[in-house]
>>> print(open('model31.txt').read())   # compact mmCIF, N, CA and C atoms
# COMPACT_ATOMS: atom_id res chain seq x y z
N MET A 1 187.57 -211.13 -4.12
CA MET A 1 187.78 -211.60 -5.45
C MET A 1 186.99 -212.89 -5.73
N GLU A 2 186.96 -213.78 -4.74
CA GLU A 2 186.22 -215.02 -4.90
C GLU A 2 184.73 -214.74 -5.02
N ASN A 3 184.26 -213.71 -4.32
CA ASN A 3 182.85 -213.33 -4.37
C ASN A 3 182.47 -212.91 -5.79
N ASN A 4 183.33 -212.13 -6.43
CA ASN A 4 183.07 -211.71 -7.81
C ASN A 4 183.05 -212.90 -8.76
N ASP A 5 183.96 -213.84 -8.56
CA ASP A 5 183.99 -215.04 -9.41
C ASP A 5 182.70 -215.85 -9.26
N ALA A 6 182.19 -215.94 -8.05
CA ALA A 6 180.94 -216.68 -7.80
C ALA A 6 179.77 -215.98 -8.48
N ILE A 7 179.74 -214.66 -8.42
CA ILE A 7 178.67 -213.90 -9.06
C ILE A 7 178.73 -214.08 -10.58
N ILE A 8 179.94 -214.00 -11.13
CA ILE A 8 180.11 -214.17 -12.58
C ILE A 8 179.69 -215.58 -13.00
N GLN A 9 180.07 -216.58 -12.21
CA GLN A 9 179.69 -217.96 -12.51
C GLN A 9 178.17 -218.13 -12.46
N ASN A 10 177.52 -217.53 -11.47
CA ASN A 10 176.07 -217.60 -11.33
C ASN A 10 175.39 -216.93 -12.52
N GLN A 11 175.87 -215.76 -12.89
CA GLN A 11 175.30 -215.03 -14.03
C GLN A 11 175.49 -215.82 -15.32
N SER A 12 176.63 -216.45 -15.47
CA SER A 12 176.91 -217.24 -16.66
C SER A 12 175.93 -218.42 -16.77
N SER A 13 175.66 -219.08 -15.65
CA SER A 13 174.72 -220.21 -15.69
C SER A 13 173.30 -219.73 -15.98
N ILE A 14 172.93 -218.56 -15.48
CA ILE A 14 171.60 -217.99 -15.77
C ILE A 14 171.49 -217.68 -17.26
N ILE A 15 172.53 -217.10 -17.84
CA ILE A 15 172.52 -216.76 -19.27
C ILE A 15 172.42 -218.02 -20.11
N GLN A 16 173.13 -219.08 -19.73
CA GLN A 16 173.05 -220.34 -20.47
C GLN A 16 171.65 -220.94 -20.38
N SER A 17 171.03 -220.85 -19.22
CA SER A 17 169.68 -221.36 -19.05
C SER A 17 168.69 -220.58 -19.92
N GLN A 18 168.84 -219.26 -19.95
CA GLN A 18 167.96 -218.44 -20.77
C GLN A 18 168.19 -218.70 -22.26
N ALA A 19 169.42 -218.95 -22.65
CA ALA A 19 169.72 -219.25 -24.05
C ALA A 19 169.07 -220.58 -24.45
N ALA A 20 169.10 -221.56 -23.56
CA ALA A 20 168.47 -222.84 -23.85
C ALA A 20 166.95 -222.67 -23.98
N SER A 21 166.36 -221.87 -23.10
CA SER A 21 164.92 -221.61 -23.18
C SER A 21 164.57 -220.89 -24.47
N LEU A 22 165.41 -219.95 -24.88
CA LEU A 22 165.18 -219.21 -26.12
C LEU A 22 165.25 -220.15 -27.33
N ARG A 23 166.21 -221.08 -27.34
CA ARG A 23 166.30 -222.04 -28.44
C ARG A 23 165.05 -222.92 -28.49
N THR A 24 164.55 -223.32 -27.33
CA THR A 24 163.33 -224.14 -27.28
C THR A 24 162.15 -223.37 -27.84
N LEU A 25 162.02 -222.10 -27.45
CA LEU A 25 160.93 -221.27 -27.96
C LEU A 25 161.03 -221.07 -29.47
N GLU A 26 162.24 -220.83 -29.96
CA GLU A 26 162.43 -220.66 -31.40
C GLU A 26 162.03 -221.93 -32.15
N ASN A 27 162.36 -223.09 -31.59
CA ASN A 27 161.99 -224.36 -32.20
C ASN A 27 160.47 -224.52 -32.24
N GLN A 28 159.80 -224.18 -31.14
CA GLN A 28 158.34 -224.30 -31.09
C GLN A 28 157.66 -223.35 -32.07
N VAL A 29 158.16 -222.12 -32.18
CA VAL A 29 157.59 -221.16 -33.13
C VAL A 29 157.79 -221.66 -34.56
N GLY A 30 158.94 -222.25 -34.83
CA GLY A 30 159.18 -222.81 -36.15
C GLY A 30 158.22 -223.95 -36.47
N GLN A 31 157.96 -224.81 -35.48
CA GLN A 31 157.02 -225.90 -35.68
C GLN A 31 155.61 -225.37 -35.94
N LEU A 32 155.21 -224.34 -35.21
CA LEU A 32 153.89 -223.72 -35.43
C LEU A 32 153.80 -223.12 -36.83
N ALA A 33 154.86 -222.45 -37.26
CA ALA A 33 154.85 -221.85 -38.59
C ALA A 33 154.73 -222.93 -39.66
N ASN A 34 155.44 -224.04 -39.49
CA ASN A 34 155.34 -225.14 -40.46
C ASN A 34 153.94 -225.74 -40.47
N ALA A 35 153.36 -225.91 -39.30
CA ALA A 35 152.01 -226.49 -39.22
C ALA A 35 150.99 -225.58 -39.89
N LEU A 36 151.14 -224.27 -39.70
CA LEU A 36 150.20 -223.34 -40.32
C LEU A 36 150.39 -223.26 -41.83
N SER A 37 151.61 -223.35 -42.29
CA SER A 37 151.83 -223.26 -43.74
C SER A 37 151.37 -224.53 -44.45
N ASN A 38 151.39 -225.67 -43.77
CA ASN A 38 150.96 -226.93 -44.38
C ASN A 38 149.44 -227.09 -44.35
N ARG A 39 148.75 -226.26 -43.60
CA ARG A 39 147.30 -226.37 -43.49
C ARG A 39 146.65 -225.83 -44.76
N SER A 40 145.59 -226.50 -45.21
CA SER A 40 144.92 -226.05 -46.42
C SER A 40 144.17 -224.75 -46.13
N GLN A 41 144.13 -223.90 -47.13
CA GLN A 41 143.51 -222.60 -46.98
C GLN A 41 142.01 -222.67 -47.24
N ARG A 42 141.25 -221.86 -46.54
CA ARG A 42 139.81 -221.69 -46.74
C ARG A 42 139.02 -223.00 -46.68
N SER A 43 139.39 -223.86 -45.77
CA SER A 43 138.61 -225.08 -45.56
C SER A 43 138.66 -225.44 -44.08
N LEU A 44 137.66 -226.16 -43.65
CA LEU A 44 137.61 -226.59 -42.27
C LEU A 44 138.44 -227.85 -42.09
N PRO A 45 139.00 -228.04 -40.91
CA PRO A 45 139.73 -229.28 -40.68
C PRO A 45 138.76 -230.46 -40.73
N SER A 46 139.25 -231.61 -41.10
CA SER A 46 138.37 -232.76 -41.27
C SER A 46 137.93 -233.36 -39.95
N ASP A 47 138.58 -233.02 -38.87
CA ASP A 47 138.21 -233.59 -37.58
C ASP A 47 137.59 -232.53 -36.67
N THR A 48 136.53 -231.91 -37.13
CA THR A 48 135.86 -230.90 -36.32
C THR A 48 135.27 -231.55 -35.09
N GLU A 49 135.26 -230.81 -33.99
CA GLU A 49 134.76 -231.33 -32.73
C GLU A 49 133.36 -230.81 -32.48
N ASN A 50 132.56 -231.62 -31.84
CA ASN A 50 131.22 -231.22 -31.45
C ASN A 50 131.34 -230.46 -30.13
N PRO A 51 131.02 -229.18 -30.11
CA PRO A 51 131.17 -228.42 -28.87
C PRO A 51 130.17 -228.85 -27.80
N ARG A 52 129.15 -229.60 -28.17
CA ARG A 52 128.14 -230.02 -27.20
C ARG A 52 128.54 -231.29 -26.47
N ARG A 53 129.63 -231.86 -26.79
CA ARG A 53 130.12 -233.08 -26.15
C ARG A 53 129.07 -234.20 -26.18
N ASP A 54 128.55 -234.43 -27.35
CA ASP A 54 127.57 -235.49 -27.59
C ASP A 54 126.31 -235.33 -26.76
N GLY A 55 125.99 -234.13 -26.37
CA GLY A 55 124.75 -233.86 -25.65
C GLY A 55 124.74 -234.37 -24.22
N LYS A 56 125.87 -234.70 -23.66
CA LYS A 56 125.91 -235.25 -22.31
C LYS A 56 126.23 -234.20 -21.25
N GLU A 57 126.63 -233.02 -21.65
CA GLU A 57 126.97 -231.97 -20.71
C GLU A 57 125.78 -231.03 -20.54
N HIS A 58 125.57 -230.59 -19.32
CA HIS A 58 124.49 -229.66 -19.04
C HIS A 58 125.01 -228.56 -18.14
N CYS A 59 124.45 -227.39 -18.30
CA CYS A 59 124.79 -226.26 -17.44
C CYS A 59 123.99 -226.40 -16.16
N LYS A 60 124.65 -226.41 -15.03
CA LYS A 60 123.95 -226.58 -13.76
C LYS A 60 123.77 -225.25 -13.03
N ILE A 61 124.76 -224.36 -13.10
CA ILE A 61 124.70 -223.08 -12.39
C ILE A 61 125.15 -221.98 -13.33
N ILE A 62 124.47 -220.86 -13.27
CA ILE A 62 124.83 -219.70 -14.07
C ILE A 62 125.27 -218.61 -13.11
N THR A 63 126.45 -218.02 -13.33
CA THR A 63 126.94 -216.92 -12.50
C THR A 63 126.75 -215.62 -13.26
N LEU A 64 126.04 -214.69 -12.64
CA LEU A 64 125.76 -213.41 -13.26
C LEU A 64 126.94 -212.48 -13.09
N GLN A 65 126.93 -211.34 -13.77
CA GLN A 65 128.04 -210.40 -13.69
C GLN A 65 128.20 -209.84 -12.28
N ASN A 66 127.11 -209.73 -11.54
CA ASN A 66 127.22 -209.19 -10.18
C ASN A 66 127.68 -210.25 -9.19
N GLY A 67 127.94 -211.46 -9.65
CA GLY A 67 128.46 -212.51 -8.79
C GLY A 67 127.39 -213.43 -8.24
N ARG A 68 126.14 -213.08 -8.39
CA ARG A 68 125.05 -213.91 -7.89
C ARG A 68 124.92 -215.14 -8.78
N GLN A 69 124.65 -216.28 -8.16
CA GLN A 69 124.52 -217.51 -8.93
C GLN A 69 123.05 -217.89 -9.05
N VAL A 70 122.69 -218.33 -10.23
CA VAL A 70 121.33 -218.78 -10.49
C VAL A 70 121.40 -220.29 -10.65
N ASP A 71 120.82 -221.01 -9.70
CA ASP A 71 120.88 -222.47 -9.78
C ASP A 71 119.50 -223.10 -9.81
N GLN A 72 118.51 -222.32 -10.18
CA GLN A 72 117.16 -222.86 -10.29
C GLN A 72 117.09 -223.76 -11.51
N PRO A 73 116.40 -224.89 -11.37
CA PRO A 73 116.29 -225.76 -12.55
C PRO A 73 115.51 -225.07 -13.65
N ILE A 74 115.98 -225.24 -14.84
CA ILE A 74 115.33 -224.63 -15.99
C ILE A 74 114.34 -225.63 -16.55
N ARG A 75 113.11 -225.19 -16.69
CA ARG A 75 112.07 -226.07 -17.20
C ARG A 75 112.24 -226.24 -18.71
N GLN A 76 112.05 -227.45 -19.14
CA GLN A 76 112.11 -227.72 -20.57
C GLN A 76 110.86 -227.12 -21.21
N PRO A 77 111.00 -226.50 -22.37
CA PRO A 77 109.82 -225.93 -23.02
C PRO A 77 108.85 -227.04 -23.39
N ALA A 78 107.57 -226.75 -23.18
CA ALA A 78 106.54 -227.73 -23.51
C ALA A 78 106.49 -227.90 -25.02
N LYS A 79 106.32 -229.11 -25.43
CA LYS A 79 106.23 -229.37 -26.87
C LYS A 79 104.89 -228.84 -27.36
N GLU A 80 104.95 -228.08 -28.41
CA GLU A 80 103.72 -227.53 -28.97
C GLU A 80 103.01 -228.62 -29.76
N ALA A 81 101.69 -228.58 -29.65
CA ALA A 81 100.90 -229.55 -30.41
C ALA A 81 101.07 -229.24 -31.89
N GLU A 82 101.13 -230.29 -32.67
CA GLU A 82 101.29 -230.08 -34.10
C GLU A 82 100.05 -229.39 -34.63
N PRO A 83 100.22 -228.40 -35.47
CA PRO A 83 99.04 -227.71 -35.99
C PRO A 83 98.20 -228.67 -36.81
N SER A 84 96.93 -228.68 -36.48
CA SER A 84 96.04 -229.58 -37.21
C SER A 84 95.84 -229.03 -38.62
N SER A 85 95.64 -229.92 -39.53
CA SER A 85 95.45 -229.47 -40.90
C SER A 85 94.09 -228.77 -41.01
N ILE A 86 94.06 -227.77 -41.82
CA ILE A 86 92.83 -227.00 -42.01
C ILE A 86 91.90 -227.83 -42.87
N GLN A 87 90.73 -228.05 -42.34
CA GLN A 87 89.76 -228.85 -43.08
C GLN A 87 88.74 -227.93 -43.71
N ASN A 88 88.26 -228.31 -44.87
CA ASN A 88 87.23 -227.52 -45.54
C ASN A 88 85.92 -227.72 -44.80
N GLN A 89 85.47 -226.65 -44.23
CA GLN A 89 84.20 -226.71 -43.51
C GLN A 89 83.19 -225.89 -44.29
N PRO A 90 81.97 -226.39 -44.36
CA PRO A 90 80.96 -225.61 -45.08
C PRO A 90 80.72 -224.31 -44.35
N GLY A 91 80.69 -223.26 -45.10
CA GLY A 91 80.46 -221.94 -44.53
C GLY A 91 79.46 -221.20 -45.37
N PRO A 92 79.21 -219.98 -45.02
CA PRO A 92 78.26 -219.20 -45.83
C PRO A 92 78.81 -219.03 -47.23
N GLN A 93 77.98 -219.27 -48.21
CA GLN A 93 78.39 -219.15 -49.59
C GLN A 93 78.16 -217.73 -50.06
N SER A 94 79.03 -217.27 -50.91
CA SER A 94 78.84 -215.94 -51.46
C SER A 94 77.79 -216.02 -52.56
N GLU A 95 77.30 -214.87 -53.00
CA GLU A 95 76.24 -214.82 -54.00
C GLU A 95 76.70 -215.41 -55.33
N THR A 96 77.98 -215.27 -55.66
CA THR A 96 78.46 -215.78 -56.94
C THR A 96 78.50 -217.30 -56.94
N GLU A 97 78.77 -217.90 -55.79
CA GLU A 97 78.83 -219.35 -55.72
C GLU A 97 77.44 -219.96 -55.78
N ALA A 98 76.42 -219.24 -55.28
CA ALA A 98 75.07 -219.78 -55.24
C ALA A 98 74.48 -219.88 -56.63
N ASP A 99 74.87 -219.06 -57.54
CA ASP A 99 74.30 -219.06 -58.90
C ASP A 99 74.74 -220.18 -59.70
>>> encode(input="model31.txt", output="structure tokens")
Amino acid sequence: MENNDAIIQNQSSIIQSQAASLRTLENQVGQLANALSNRSQRSLPSDTENPRRDGKEHCKIITLQNGRQVDQPIRQPAKEAEPSSIQNQPGPQSETEAD
């Protein structure tokens, strides 16, 4: 008989613990719902984050799908020379221009 009472007491404490967890979850879901309803529609938040982390983060190793890692340094692309402006150069004149 005492064994059954201990089991019932244990089960009762487990149920109370689960009920407290459920109340906490309900509270959190309510807070999320309030936060979403207060958010303005069709606009970006004013505190957008820069995903580049101010340009200070760099990728050092790339892992491929087959598990192989590529850790060779990636060369920076060479800067292309600015295209020079086209200058008018004397060339063969057509017959209409010569007249």
>>> atom_distance(input="model31.txt", atom1="atom N of A:Leu32", atom2="atom CA of A:Ala20")
17.5 Å
>>> atom_distance(input="model31.txt", atom1="atom CA of A:Ile62", atom2="atom C of A:Gln76")
17.4 Å
>>> atom_distance(input="model31.txt", atom1="atom N of A:Val29", atom2="atom CA of A:Gln41")
20.8 Å
>>> select_by_dssp(input="model31.txt", residues="stretch 10-53 of chain A", states="helix (DSSP H, G or I)", output="PyMOL selection string")
chain A and resi 10-38+53
>>> axis_aligned_box(input="model31.txt", around="stretch 25-42 of chain A", padding_each_side="6 Å", output="AutoDock Vina command-line options")
--center_x 150.7 --center_y -223.9 --center_z -37.3 --size_x 35.4 --size_y 18.4 --size_z 31.8
